[in-house]
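Asks: Provided herewith: target_6.json, JSON, C-alpha atoms.
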[["chain", "number", "residue", "atom", "x", "y", "z"],
["A", 26, "MET", "CA", 0.00, 0.00, 0.00],
["A", 27, "SER", "CA", 1.42, 3.38, -0.95],
["A", 28, "GLU", "CA", 1.13, 6.49, 1.13],
["A", 29, "ASN", "CA", -1.44, 7.83, -1.35],
["A", 30, "ASP", "CA", -3.84, 4.99, -0.56],
["A", 31, "CYS", "CA", -3.32, 5.14, 3.19],
["A", 32, "ILE", "CA", -6.47, 6.05, 5.09],
["A", 33, "PHE", "CA", -4.50, 7.21, 8.14],
["A", 34, "CYS", "CA", -2.45, 9.56, 5.93],
["A", 35, "LYS", "CA", -5.75, 10.94, 4.64],
["A", 36, "ILE", "CA", -6.96, 11.50, 8.20],
["A", 37, "ALA", "CA", -3.62, 13.11, 9.10],
["A", 38, "LYS", "CA", -3.98, 15.47, 6.14],
["A", 39, "GLY", "CA", -7.61, 16.28, 6.88],
["A", 40, "GLN", "CA", -8.73, 14.60, 3.65],
["A", 41, "MET", "CA", -10.84, 12.04, 5.48],
["A", 42, "GLU", "CA", -13.07, 12.63, 8.47],
["A", 43, "ALA", "CA", -12.27, 11.31, 11.91],
["A", 44, "GLU", "CA", -13.28, 12.21, 15.43],
["A", 45, "VAL", "CA", -10.06, 13.92, 16.43],
["A", 46, "VAL", "CA", -9.22, 13.79, 20.14],
["A", 47, "TYR", "CA", -5.93, 15.64, 19.98],
["A", 48, "GLU", "CA", -3.56, 16.94, 17.32],
["A", 49, "GLU", "CA", -0.28, 18.75, 16.97],
["A", 50, "GLU", "CA", 2.31, 19.18, 14.23],
["A", 51, "GLY", "CA", 3.67, 15.66, 14.07],
["A", 52, "VAL", "CA", 1.05, 13.53, 15.85],
["A", 53, "ILE", "CA", -2.72, 13.13, 15.67],
["A", 54, "ALA", "CA", -5.10, 11.10, 17.85],
["A", 55, "PHE", "CA", -8.62, 10.07, 16.84],
["A", 56, "GLU", "CA", -11.39, 7.70, 17.87],
["A", 57, "ASP", "CA", -11.15, 4.10, 16.58],
["A", 58, "ILE", "CA", -14.29, 3.57, 14.49],
["A", 59, "ASN", "CA", -14.34, -0.08, 15.61],
["A", 60, "ALA", "CA", -13.88, 0.59, 19.31],
["A", 61, "LYS", "CA", -13.25, -2.59, 21.30],
["A", 62, "THR", "CA", -13.16, -0.90, 24.70],
["A", 63, "PRO", "CA", -15.14, 2.03, 26.20],
["A", 64, "VAL", "CA", -12.15, 4.26, 25.46],
["A", 65, "HIS", "CA", -10.35, 3.35, 22.22],
["A", 66, "VAL", "CA", -8.30, 6.05, 20.55],
["A", 67, "LEU", "CA", -5.58, 5.71, 17.91],
["A", 68, "VAL", "CA", -2.41, 7.79, 18.15],
["A", 69, "ILE", "CA", -0.38, 8.08, 14.95],
["A", 70, "PRO", "CA", 2.58, 10.00, 13.56],
["A", 71, "ARG", "CA", 1.38, 12.17, 10.69],
["A", 72, "GLU", "CA", 4.35, 10.92, 8.67],
["A", 73, "HIS", "CA", 3.71, 7.64, 6.86],
["A", 74, "VAL", "CA", 5.61, 4.85, 8.61],
["A", 75, "PRO", "CA", 4.14, 1.42, 7.83],
["A", 76, "SER", "CA", 5.10, -0.39, 11.02],
["A", 77, "MET", "CA", 7.66, -0.91, 13.76],
["A", 78, "ALA", "CA", 10.30, -2.06, 11.27],
["A", 79, "GLU", "CA", 10.46, 1.49, 9.86],
["A", 80, "VAL", "CA", 10.09, 3.42, 13.12],
["A", 81, "GLY", "CA", 13.76, 4.46, 12.88],
["A", 82, "GLY", "CA", 12.72, 6.81, 10.07],
["A", 83, "LEU", "CA", 10.82, 9.01, 12.50],
["A", 84, "PRO", "CA", 12.52, 11.87, 14.35],
["A", 85, "ASP", "CA", 13.37, 10.88, 17.95],
["A", 86, "GLY", "CA", 11.09, 13.61, 19.27],
["A", 87, "ILE", "CA", 8.09, 12.19, 17.44],
["A", 88, "THR", "CA", 8.57, 8.75, 18.99],
["A", 89, "LYS", "CA", 8.51, 10.37, 22.41],
["A", 90, "ARG", "CA", 5.42, 12.36, 21.51],
["A", 91, "LEU", "CA", 3.59, 9.12, 20.62],
["A", 92, "PHE", "CA", 3.97, 8.13, 24.28],
["A", 93, "GLU", "CA", 3.22, 11.57, 25.66],
["A", 94, "VAL", "CA", 0.17, 12.11, 23.45],
["A", 95, "ALA", "CA", -1.15, 8.68, 24.48],
["A", 96, "GLN", "CA", -0.90, 9.76, 28.11],
["A", 97, "ALA", "CA", -2.57, 13.10, 27.32],
["A", 98, "VAL", "CA", -5.38, 11.26, 25.54],
["A", 99, "ALA", "CA", -5.81, 8.92, 28.52],
["A", 100, "GLU", "CA", -6.08, 11.95, 30.81],
["A", 101, "LYS", "CA", -8.55, 13.68, 28.50],
["A", 102, "LYS", "CA", -10.70, 10.54, 28.26],
["A", 103, "GLY", "CA", -10.59, 9.96, 32.02],
["A", 104, "VAL", "CA", -8.69, 6.66, 32.09],
["A", 105, "ALA", "CA", -5.23, 7.81, 33.19],
["A", 106, "GLU", "CA", -5.97, 6.82, 36.79],
["A", 107, "SER", "CA", -8.12, 3.74, 36.22],
["A", 108, "GLY", "CA", -5.61, 2.43, 33.71],
["A", 109, "TYR", "CA", -5.10, 1.87, 30.04],
["A", 110, "ALA", "CA", -3.07, -0.13, 27.55],
["A", 111, "PHE", "CA", -0.84, 1.34, 24.86],
["A", 112, "ARG", "CA", -0.64, -1.24, 22.08],
["A", 113, "ILE", "CA", 0.95, -1.27, 18.66],
["A", 114, "ASN", "CA", 0.06, -4.20, 16.41],
["A", 115, "ASN", "CA", 2.59, -5.43, 13.88],
["A", 116, "GLY", "CA", 1.89, -8.01, 11.25],
["A", 117, "PRO", "CA", -0.66, -10.81, 10.75],
["A", 118, "ASP", "CA", -0.71, -12.46, 14.21],
["A", 119, "SER", "CA", -1.36, -9.12, 15.91],
["A", 120, "GLY", "CA", -4.35, -8.12, 13.83],
["A", 121, "GLN", "CA", -2.70, -5.04, 12.28],
["A", 122, "GLU", "CA", -5.17, -3.80, 9.69],
["A", 123, "VAL", "CA", -3.79, -0.46, 8.50],
["A", 124, "LEU", "CA", -0.16, -0.26, 7.43],
["A", 125, "HIS", "CA", 0.49, 3.11, 9.04],
["A", 126, "LEU", "CA", 2.03, 2.82, 12.50],
["A", 127, "HIS", "CA", -0.64, 3.43, 15.14],
["A", 128, "ALA", "CA", -0.86, 3.01, 18.88],
["A", 129, "HIS", "CA", -4.15, 1.88, 20.40],
["A", 130, "VAL", "CA", -4.99, 3.63, 23.66],
["A", 131, "MET", "CA", -7.55, 1.36, 25.30],
["A", 132, "GLY", "CA", -9.29, 1.70, 28.65],
["A", 133, "GLY", "CA", -12.54, 2.10, 30.53],
["A", 134, "ARG", "CA", -12.78, -1.50, 31.67],
["A", 135, "ARG", "CA", -10.54, -4.30, 32.91],
["A", 136, "LEU", "CA", -8.18, -5.27, 30.06],
["A", 137, "SER", "CA", -7.01, -8.83, 29.45],
["A", 138, "MET", "CA", -3.64, -9.72, 28.00],
["A", 139, "PRO", "CA", -3.74, -11.06, 24.41],
["B", 27, "MET", "CA", 7.76, 1.99, 45.37],
["B", 28, "SER", "CA", 11.19, 3.61, 45.30],
["B", 29, "GLU", "CA", 13.82, 2.93, 42.72],
["B", 30, "ASN", "CA", 15.77, 0.95, 45.33],
["B", 31, "ASP", "CA", 12.96, -1.58, 45.68],
["B", 32, "CYS", "CA", 12.31, -1.87, 41.95],
["B", 33, "ILE", "CA", 12.97, -5.35, 40.58],
["B", 34, "PHE", "CA", 13.38, -4.05, 37.03],
["B", 35, "CYS", "CA", 16.02, -1.56, 38.22],
["B", 36, "LYS", "CA", 17.80, -4.50, 39.83],
["B", 37, "ILE", "CA", 17.69, -6.44, 36.56],
["B", 38, "ALA", "CA", 18.90, -3.36, 34.68],
["B", 39, "LYS", "CA", 21.84, -3.06, 37.07],
["B", 40, "GLY", "CA", 22.67, -6.76, 36.94],
["B", 41, "GLN", "CA", 21.75, -7.18, 40.61],
["B", 42, "MET", "CA", 18.97, -9.65, 39.84],
["B", 43, "GLU", "CA", 19.06, -12.45, 37.32],
["B", 44, "ALA", "CA", 17.01, -12.42, 34.15],
["B", 45, "GLU", "CA", 17.22, -14.15, 30.80],
["B", 46, "VAL", "CA", 18.52, -11.20, 28.82],
["B", 47, "VAL", "CA", 17.58, -11.16, 25.13],
["B", 48, "TYR", "CA", 19.26, -7.89, 24.22],
["B", 49, "GLU", "CA", 20.96, -5.02, 25.99],
["B", 50, "GLU", "CA", 22.63, -1.72, 25.27],
["B", 51, "GLU", "CA", 23.49, 1.40, 27.26],
["B", 52, "GLY", "CA", 19.98, 2.72, 27.87],
["B", 53, "VAL", "CA", 17.69, -0.21, 27.18],
["B", 54, "ILE", "CA", 17.52, -3.86, 28.20],
["B", 55, "ALA", "CA", 15.21, -6.68, 27.05],
["B", 56, "PHE", "CA", 14.60, -9.90, 28.95],
["B", 57, "GLU", "CA", 12.21, -12.85, 29.03],
["B", 58, "ASP", "CA", 8.95, -12.37, 30.98],
["B", 59, "ILE", "CA", 9.03, -14.99, 33.75],
["B", 60, "ASN", "CA", 5.23, -15.31, 33.46],
["B", 61, "ALA", "CA", 5.10, -15.63, 29.68],
["B", 62, "LYS", "CA", 1.54, -15.45, 28.35],
["B", 63, "THR", "CA", 2.49, -16.08, 24.71],
["B", 64, "PRO", "CA", 5.14, -18.31, 23.06],
["B", 65, "VAL", "CA", 7.32, -15.22, 22.68],
["B", 66, "HIS", "CA", 7.01, -12.78, 25.59],
["B", 67, "VAL", "CA", 9.89, -10.40, 26.20],
["B", 68, "LEU", "CA", 9.95, -7.19, 28.22],
["B", 69, "VAL", "CA", 11.78, -4.13, 26.90],
["B", 70, "ILE", "CA", 12.62, -1.46, 29.48],
["B", 71, "PRO", "CA", 14.62, 1.74, 29.79],
["B", 72, "ARG", "CA", 17.40, 1.20, 32.33],
["B", 73, "GLU", "CA", 16.43, 4.51, 33.90],
["B", 74, "HIS", "CA", 13.64, 4.24, 36.46],
["B", 75, "VAL", "CA", 10.46, 5.70, 35.00],
["B", 76, "PRO", "CA", 7.34, 4.41, 36.78],
["B", 77, "SER", "CA", 4.85, 4.65, 33.92],
["B", 78, "MET", "CA", 3.66, 6.58, 30.87],
["B", 79, "ALA", "CA", 2.91, 9.68, 32.96],
["B", 80, "GLU", "CA", 6.66, 10.16, 33.52],
["B", 81, "VAL", "CA", 7.89, 9.12, 30.07],
["B", 82, "GLY", "CA", 8.77, 12.76, 29.32],
["B", 83, "GLY", "CA", 11.68, 12.37, 31.71],
["B", 84, "LEU", "CA", 13.45, 10.00, 29.32],
["B", 85, "PRO", "CA", 15.77, 11.29, 26.60],
["B", 86, "ASP", "CA", 14.03, 11.36, 23.20],
["B", 87, "GLY", "CA", 16.54, 8.86, 21.82],
["B", 88, "ILE", "CA", 15.68, 6.31, 24.49],
["B", 89, "THR", "CA", 11.98, 6.44, 23.65],
["B", 90, "LYS", "CA", 12.85, 5.65, 20.04],
["B", 91, "ARG", "CA", 15.14, 2.83, 21.11],
["B", 92, "LEU", "CA", 12.27, 1.21, 23.03],
["B", 93, "PHE", "CA", 10.51, 0.79, 19.67],
["B", 94, "GLU", "CA", 13.64, -0.20, 17.77],
["B", 95, "VAL", "CA", 14.78, -2.70, 20.39],
["B", 96, "ALA", "CA", 11.28, -4.24, 20.42],
["B", 97, "GLN", "CA", 11.57, -4.74, 16.67],
["B", 98, "ALA", "CA", 15.08, -6.19, 17.05],
["B", 99, "VAL", "CA", 13.79, -8.58, 19.73],
["B", 100, "ALA", "CA", 10.91, -9.64, 17.46],
["B", 101, "GLU", "CA", 13.42, -10.37, 14.69],
["B", 102, "LYS", "CA", 15.72, -12.28, 17.04],
["B", 103, "LYS", "CA", 12.81, -14.35, 18.38],
["B", 104, "GLY", "CA", 11.46, -15.05, 14.88],
["B", 105, "VAL", "CA", 8.12, -13.24, 15.12],
["B", 106, "ALA", "CA", 8.85, -10.07, 13.13],
["B", 107, "GLU", "CA", 7.18, -11.57, 10.04],
["B", 108, "SER", "CA", 4.39, -13.57, 11.70],
["B", 109, "GLY", "CA", 3.50, -10.59, 13.83],
["B", 110, "TYR", "CA", 3.69, -9.32, 17.36],
["B", 111, "ALA", "CA", 2.14, -6.83, 19.74],
["B", 112, "PHE", "CA", 4.01, -4.07, 21.54],
["B", 113, "ARG", "CA", 2.05, -3.30, 24.70],
["B", 114, "ILE", "CA", 2.63, -1.03, 27.66],
["B", 115, "ASN", "CA", 0.28, -1.44, 30.61],
["B", 116, "ASN", "CA", -0.52, 1.56, 32.76],
["B", 117, "GLY", "CA", -2.46, 1.43, 35.97],
["B", 118, "PRO", "CA", -4.95, -0.97, 37.57],
["B", 119, "ASP", "CA", -7.28, -1.77, 34.63],
["B", 120, "SER", "CA", -4.34, -2.74, 32.43],
["B", 121, "GLY", "CA", -2.79, -5.22, 34.82],
["B", 122, "GLN", "CA", 0.45, -3.26, 35.30],
["B", 123, "GLU", "CA", 2.33, -5.12, 38.03],
["B", 124, "VAL", "CA", 5.77, -3.50, 38.16],
["B", 125, "LEU", "CA", 5.99, 0.29, 38.40],
["B", 126, "HIS", "CA", 8.92, 0.61, 36.01],
["B", 127, "LEU", "CA", 7.85, 1.38, 32.44],
["B", 128, "HIS", "CA", 8.05, -1.81, 30.35],
["B", 129, "ALA", "CA", 6.86, -2.80, 26.91],
["B", 130, "HIS", "CA", 5.62, -6.35, 26.37],
["B", 131, "VAL", "CA", 6.72, -7.85, 23.05],
["B", 132, "MET", "CA", 4.29, -10.72, 22.50],
["B", 133, "GLY", "CA", 4.02, -13.12, 19.60],
["B", 134, "GLY", "CA", 4.19, -16.70, 18.38],
["B", 135, "ARG", "CA", 0.44, -17.20, 18.11],
["B", 136, "ARG", "CA", -2.66, -15.29, 17.06],
["B", 137, "LEU", "CA", -3.16, -12.40, 19.49],
["B", 138, "SER", "CA", -6.54, -11.14, 20.61],
["B", 139, "MET", "CA", -7.29, -7.54, 21.47],
["B", 140, "PRO", "CA", -7.82, -6.89, 25.21]]
Please, can you express the file's structure as C-alpha coordinates?

Replies:
Amino acid sequence: MSENDCIFCKIAKGQMEAEVVYEEEGVIAFEDINAKTPVHVLVIPREHVPSMAEVGGLPDGITKRLFEVAQAVAEKKGVAESGYAFRINNGPDSGQEVLHLHAHVMGGRRLSMP
Amino acid sequence: MSENDCIFCKIAKGQMEAEVVYEEEGVIAFEDINAKTPVHVLVIPREHVPSMAEVGGLPDGITKRLFEVAQAVAEKKGVAESGYAFRINNGPDSGQEVLHLHAHVMGGRRLSMP
(Lines of atoms letter the chains of each structure in order from A and count residues from 1; the text may use other names and numbers.)
(Lines give C-alpha, C1' and ligand atoms only; values in the text may rest on other atoms or scores of the structure.)
Protein backbone atom coordinates (compact mmCIF):
# COMPACT_ATOMS: atom_id res chain seq x y z
CA MET A 1 0.00 0.00 0.00
CA SER A 2 1.42 3.38 -0.95
CA GLU A 3 1.13 6.49 1.13
CA ASN A 4 -1.44 7.83 -1.35
CA ASP A 5 -3.84 4.99 -0.56
CA CYS A 6 -3.32 5.14 3.19
CA ILE A 7 -6.47 6.05 5.09
CA PHE A 8 -4.50 7.21 8.14
CA CYS A 9 -2.45 9.56 5.93
CA LYS A 10 -5.75 10.94 4.64
CA ILE A 11 -6.96 11.50 8.20
CA ALA A 12 -3.62 13.11 9.10
CA LYS A 13 -3.98 15.47 6.14
CA GLY A 14 -7.61 16.28 6.88
CA GLN A 15 -8.73 14.60 3.65
CA MET A 16 -10.84 12.04 5.48
CA GLU A 17 -13.07 12.63 8.47
CA ALA A 18 -12.27 11.31 11.91
CA GLU A 19 -13.28 12.21 15.43
CA VAL A 20 -10.06 13.92 16.43
CA VAL A 21 -9.22 13.79 20.14
CA TYR A 22 -5.93 15.64 19.98
CA GLU A 23 -3.56 16.94 17.32
CA GLU A 24 -0.28 18.75 16.97
CA GLU A 25 2.31 19.18 14.23
CA GLY A 26 3.67 15.66 14.07
CA VAL A 27 1.05 13.53 15.85
CA ILE A 28 -2.72 13.13 15.67
CA ALA A 29 -5.10 11.10 17.85
CA PHE A 30 -8.62 10.07 16.84
CA GLU A 31 -11.39 7.70 17.87
CA ASP A 32 -11.15 4.10 16.58
CA ILE A 33 -14.29 3.57 14.49
CA ASN A 34 -14.34 -0.08 15.61
CA ALA A 35 -13.88 0.59 19.31
CA LYS A 36 -13.25 -2.59 21.30
CA THR A 37 -13.16 -0.90 24.70
CA PRO A 38 -15.14 2.03 26.20
CA VAL A 39 -12.15 4.26 25.46
CA HIS A 40 -10.35 3.35 22.22
CA VAL A 41 -8.30 6.05 20.55
CA LEU A 42 -5.58 5.71 17.91
CA VAL A 43 -2.41 7.79 18.15
CA ILE A 44 -0.38 8.08 14.95
CA PRO A 45 2.58 10.00 13.56
CA ARG A 46 1.38 12.17 10.69
CA GLU A 47 4.35 10.92 8.67
CA HIS A 48 3.71 7.64 6.86
CA VAL A 49 5.61 4.85 8.61
CA PRO A 50 4.14 1.42 7.83
CA SER A 51 5.10 -0.39 11.02
CA MET A 52 7.66 -0.91 13.76
CA ALA A 53 10.30 -2.06 11.27
CA GLU A 54 10.46 1.49 9.86
CA VAL A 55 10.09 3.42 13.12
CA GLY A 56 13.76 4.46 12.88
CA GLY A 57 12.72 6.81 10.07
CA LEU A 58 10.82 9.01 12.50
CA PRO A 59 12.52 11.87 14.35
CA ASP A 60 13.37 10.88 17.95
CA GLY A 61 11.09 13.61 19.27
CA ILE A 62 8.09 12.19 17.44
CA THR A 63 8.57 8.75 18.99
CA LYS A 64 8.51 10.37 22.41
CA ARG A 65 5.42 12.36 21.51
CA LEU A 66 3.59 9.12 20.62
CA PHE A 67 3.97 8.13 24.28
CA GLU A 68 3.22 11.57 25.66
CA VAL A 69 0.17 12.11 23.45
CA ALA A 70 -1.15 8.68 24.48
CA GLN A 71 -0.90 9.76 28.11
CA ALA A 72 -2.57 13.10 27.32
CA VAL A 73 -5.38 11.26 25.54
CA ALA A 74 -5.81 8.92 28.52
CA GLU A 75 -6.08 11.95 30.81
CA LYS A 76 -8.55 13.68 28.50
CA LYS A 77 -10.70 10.54 28.26
CA GLY A 78 -10.59 9.96 32.02
CA VAL A 79 -8.69 6.66 32.09
CA ALA A 80 -5.23 7.81 33.19
CA GLU A 81 -5.97 6.82 36.79
CA SER A 82 -8.12 3.74 36.22
CA GLY A 83 -5.61 2.43 33.71
CA TYR A 84 -5.10 1.87 30.04
CA ALA A 85 -3.07 -0.13 27.55
CA PHE A 86 -0.84 1.34 24.86
CA ARG A 87 -0.64 -1.24 22.08
CA ILE A 88 0.95 -1.27 18.66
CA ASN A 89 0.06 -4.20 16.41
CA ASN A 90 2.59 -5.43 13.88
CA GLY A 91 1.89 -8.01 11.25
CA PRO A 92 -0.66 -10.81 10.75
CA ASP A 93 -0.71 -12.46 14.21
CA SER A 94 -1.36 -9.12 15.91
CA GLY A 95 -4.35 -8.12 13.83
CA GLN A 96 -2.70 -5.04 12.28
CA GLU A 97 -5.17 -3.80 9.69
CA VAL A 98 -3.79 -0.46 8.50
CA LEU A 99 -0.16 -0.26 7.43
CA HIS A 100 0.49 3.11 9.04
CA LEU A 101 2.03 2.82 12.50
CA HIS A 102 -0.64 3.43 15.14
CA ALA A 103 -0.86 3.01 18.88
CA HIS A 104 -4.15 1.88 20.40
CA VAL A 105 -4.99 3.63 23.66
CA MET A 106 -7.55 1.36 25.30
CA GLY A 107 -9.29 1.70 28.65
CA GLY A 108 -12.54 2.10 30.53
CA ARG A 109 -12.78 -1.50 31.67
CA ARG A 110 -10.54 -4.30 32.91
CA LEU A 111 -8.18 -5.27 30.06
CA SER A 112 -7.01 -8.83 29.45
CA MET A 113 -3.64 -9.72 28.00
CA PRO A 114 -3.74 -11.06 24.41
CA MET B 1 7.76 1.99 45.37
CA SER B 2 11.19 3.61 45.30
CA GLU B 3 13.82 2.93 42.72
CA ASN B 4 15.77 0.95 45.33
CA ASP B 5 12.96 -1.58 45.68
CA CYS B 6 12.31 -1.87 41.95
CA ILE B 7 12.97 -5.35 40.58
CA PHE B 8 13.38 -4.05 37.03
CA CYS B 9 16.02 -1.56 38.22
CA LYS B 10 17.80 -4.50 39.83
CA ILE B 11 17.69 -6.44 36.56
CA ALA B 12 18.90 -3.36 34.68
CA LYS B 13 21.84 -3.06 37.07
CA GLY B 14 22.67 -6.76 36.94
CA GLN B 15 21.75 -7.18 40.61
CA MET B 16 18.97 -9.65 39.84
CA GLU B 17 19.06 -12.45 37.32
CA ALA B 18 17.01 -12.42 34.15
CA GLU B 19 17.22 -14.15 30.80
CA VAL B 20 18.52 -11.20 28.82
CA VAL B 21 17.58 -11.16 25.13
CA TYR B 22 19.26 -7.89 24.22
CA GLU B 23 20.96 -5.02 25.99
CA GLU B 24 22.63 -1.72 25.27
CA GLU B 25 23.49 1.40 27.26
CA GLY B 26 19.98 2.72 27.87
CA VAL B 27 17.69 -0.21 27.18
CA ILE B 28 17.52 -3.86 28.20
CA ALA B 29 15.21 -6.68 27.05
CA PHE B 30 14.60 -9.90 28.95
CA GLU B 31 12.21 -12.85 29.03
CA ASP B 32 8.95 -12.37 30.98
CA ILE B 33 9.03 -14.99 33.75
CA ASN B 34 5.23 -15.31 33.46
CA ALA B 35 5.10 -15.63 29.68
CA LYS B 36 1.54 -15.45 28.35
CA THR B 37 2.49 -16.08 24.71
CA PRO B 38 5.14 -18.31 23.06
CA VAL B 39 7.32 -15.22 22.68
CA HIS B 40 7.01 -12.78 25.59
CA VAL B 41 9.89 -10.40 26.20
CA LEU B 42 9.95 -7.19 28.22
CA VAL B 43 11.78 -4.13 26.90
CA ILE B 44 12.62 -1.46 29.48
CA PRO B 45 14.62 1.74 29.79
CA ARG B 46 17.40 1.20 32.33
CA GLU B 47 16.43 4.51 33.90
CA HIS B 48 13.64 4.24 36.46
CA VAL B 49 10.46 5.70 35.00
CA PRO B 50 7.34 4.41 36.78
CA SER B 51 4.85 4.65 33.92
CA MET B 52 3.66 6.58 30.87
CA ALA B 53 2.91 9.68 32.96
CA GLU B 54 6.66 10.16 33.52
CA VAL B 55 7.89 9.12 30.07
CA GLY B 56 8.77 12.76 29.32
CA GLY B 57 11.68 12.37 31.71
CA LEU B 58 13.45 10.00 29.32
CA PRO B 59 15.77 11.29 26.60
CA ASP B 60 14.03 11.36 23.20
CA GLY B 61 16.54 8.86 21.82
CA ILE B 62 15.68 6.31 24.49
CA THR B 63 11.98 6.44 23.65
CA LYS B 64 12.85 5.65 20.04
CA ARG B 65 15.14 2.83 21.11
CA LEU B 66 12.27 1.21 23.03
CA PHE B 67 10.51 0.79 19.67
CA GLU B 68 13.64 -0.20 17.77
CA VAL B 69 14.78 -2.70 20.39
CA ALA B 70 11.28 -4.24 20.42
CA GLN B 71 11.57 -4.74 16.67
CA ALA B 72 15.08 -6.19 17.05
CA VAL B 73 13.79 -8.58 19.73
CA ALA B 74 10.91 -9.64 17.46
CA GLU B 75 13.42 -10.37 14.69
CA LYS B 76 15.72 -12.28 17.04
CA LYS B 77 12.81 -14.35 18.38
CA GLY B 78 11.46 -15.05 14.88
CA VAL B 79 8.12 -13.24 15.12
CA ALA B 80 8.85 -10.07 13.13
CA GLU B 81 7.18 -11.57 10.04
CA SER B 82 4.39 -13.57 11.70
CA GLY B 83 3.50 -10.59 13.83
CA TYR B 84 3.69 -9.32 17.36
CA ALA B 85 2.14 -6.83 19.74
CA PHE B 86 4.01 -4.07 21.54
CA ARG B 87 2.05 -3.30 24.70
CA ILE B 88 2.63 -1.03 27.66
CA ASN B 89 0.28 -1.44 30.61
CA ASN B 90 -0.52 1.56 32.76
CA GLY B 91 -2.46 1.43 35.97
CA PRO B 92 -4.95 -0.97 37.57
CA ASP B 93 -7.28 -1.77 34.63
CA SER B 94 -4.34 -2.74 32.43
CA GLY B 95 -2.79 -5.22 34.82
CA GLN B 96 0.45 -3.26 35.30
CA GLU B 97 2.33 -5.12 38.03
CA VAL B 98 5.77 -3.50 38.16
CA LEU B 99 5.99 0.29 38.40
CA HIS B 100 8.92 0.61 36.01
CA LEU B 101 7.85 1.38 32.44
CA HIS B 102 8.05 -1.81 30.35
CA ALA B 103 6.86 -2.80 26.91
CA HIS B 104 5.62 -6.35 26.37
CA VAL B 105 6.72 -7.85 23.05
CA MET B 106 4.29 -10.72 22.50
CA GLY B 107 4.02 -13.12 19.60
CA GLY B 108 4.19 -16.70 18.38
CA ARG B 109 0.44 -17.20 18.11
CA ARG B 110 -2.66 -15.29 17.06
CA LEU B 111 -3.16 -12.40 19.49
CA SER B 112 -6.54 -11.14 20.61
CA MET B 113 -7.29 -7.54 21.47
CA PRO B 114 -7.82 -6.89 25.21

Asks: Where does chain B meet chain A within 6 Å, residue by residue, with the nearest atom pair and distance in Å to one decimal for each, counting all atoms listed in the file, listed by chain and rising number, as CSV?

Replies:
residue,atom,partner,partner_atom,distance
B:Asp86,CA,A:Asp85,CA,5.3
B:Gly87,CA,A:Asp85,CA,5.4
B:Thr89,CA,A:Lys89,CA,5.4
B:Lys90,CA,A:Thr88,CA,5.4
B:Ser108,CA,A:Asp118,CA,5.8
B:Gly109,CA,A:Gly116,CA,4.0
B:Tyr110,CA,A:Ser119,CA,5.3
B:Ala111,CA,A:Asn114,CA,4.7
B:Phe112,CA,A:Ile113,CA,5.0
B:Arg113,CA,A:Arg112,CA,4.3
B:Ile114,CA,A:Phe111,CA,5.0
B:Asn115,CA,A:Ala110,CA,4.7
B:Asn116,CA,A:Gly108,CA,5.3
B:Gly117,CA,A:Gly108,CA,4.0
B:Pro118,CA,A:Gly108,CA,5.2
B:Asp119,CA,A:Arg135,CA,4.5
B:Ser120,CA,A:Leu136,CA,5.2
B:Arg136,CA,A:Asp118,CA,4.5
B:Leu137,CA,A:Pro139,CA,5.1
B:Ser138,CA,A:Pro139,CA,4.7
B:Met139,CA,A:Pro139,CA,5.8
B:Pro140,CA,A:Ser137,CA,4.7

Asks: Might you pull out every residue within 10 Å of Pro75 of chain A, with all atoms listed in the file counted and same-chain residues fewer than 3 positions away left off, and present them as a VMD selection string?

Replies: chain A and resid 26 to 28 31 72 78 to 80 115 123 to 127

Asks: Do you have the atom CA of Val47 of chain B-atom CA of Lys102 of chain B distance handy?

Replies: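 A separation of 8.4 Å between them.
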
Asks: Please report the interatomic distance between atom CA of Ala37 of chain A and atom CA of Arg71 of chain A in Å with one decimal.

Replies: 5.3 Å

Asks: What does the structure give for the distance between atom CA of Glu49 of chain B and atom CA of Ala61 of chain B, in Å to one decimal?

Replies: 19.4 Å

Asks: Can segment 44-56 of chain A be brought up to N, CA and C atoms and written out as a tab-separated table (two decimals), in the frame of the given file?

Replies:
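Okay, part.tsv is ready:
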chain	number	residue	atom	x	y	z
A	44	GLU	N	-12.97	11.48	14.21
A	44	GLU	CA	-13.28	12.21	15.43
A	44	GLU	C	-11.97	12.46	16.18
A	45	VAL	N	-11.39	13.60	15.91
A	45	VAL	CA	-10.06	13.92	16.43
A	45	VAL	C	-10.14	14.24	17.93
A	46	VAL	N	-9.27	13.59	18.69
A	46	VAL	CA	-9.22	13.79	20.14
A	46	VAL	C	-8.13	14.79	20.50
A	47	TYR	N	-7.06	14.76	19.71
A	47	TYR	CA	-5.93	15.64	19.98
A	47	TYR	C	-5.09	15.71	18.71
A	48	GLU	N	-4.50	16.88	18.45
A	48	GLU	CA	-3.56	16.94	17.32
A	48	GLU	C	-2.52	18.02	17.54
A	49	GLU	N	-1.37	17.78	16.97
A	49	GLU	CA	-0.28	18.75	16.97
A	49	GLU	C	0.49	18.53	15.67
A	50	GLU	N	1.62	19.21	15.51
A	50	GLU	CA	2.31	19.18	14.23
A	50	GLU	C	2.61	17.77	13.72
A	51	GLY	N	3.19	16.94	14.57
A	51	GLY	CA	3.67	15.66	14.07
A	51	GLY	C	2.82	14.45	14.43
A	52	VAL	N	1.82	14.66	15.30
A	52	VAL	CA	1.05	13.53	15.85
A	52	VAL	C	-0.42	13.89	15.88
A	53	ILE	N	-1.28	12.91	15.58
A	53	ILE	CA	-2.72	13.13	15.67
A	53	ILE	C	-3.36	11.92	16.35
A	54	ALA	N	-4.39	12.17	17.14
A	54	ALA	CA	-5.10	11.10	17.85
A	54	ALA	C	-6.58	11.21	17.51
A	55	PHE	N	-7.21	10.06	17.21
A	55	PHE	CA	-8.62	10.07	16.84
A	55	PHE	C	-9.30	8.78	17.29
A	56	GLU	N	-10.61	8.85	17.40
A	56	GLU	CA	-11.39	7.70	17.87
A	56	GLU	C	-11.27	6.53	16.88
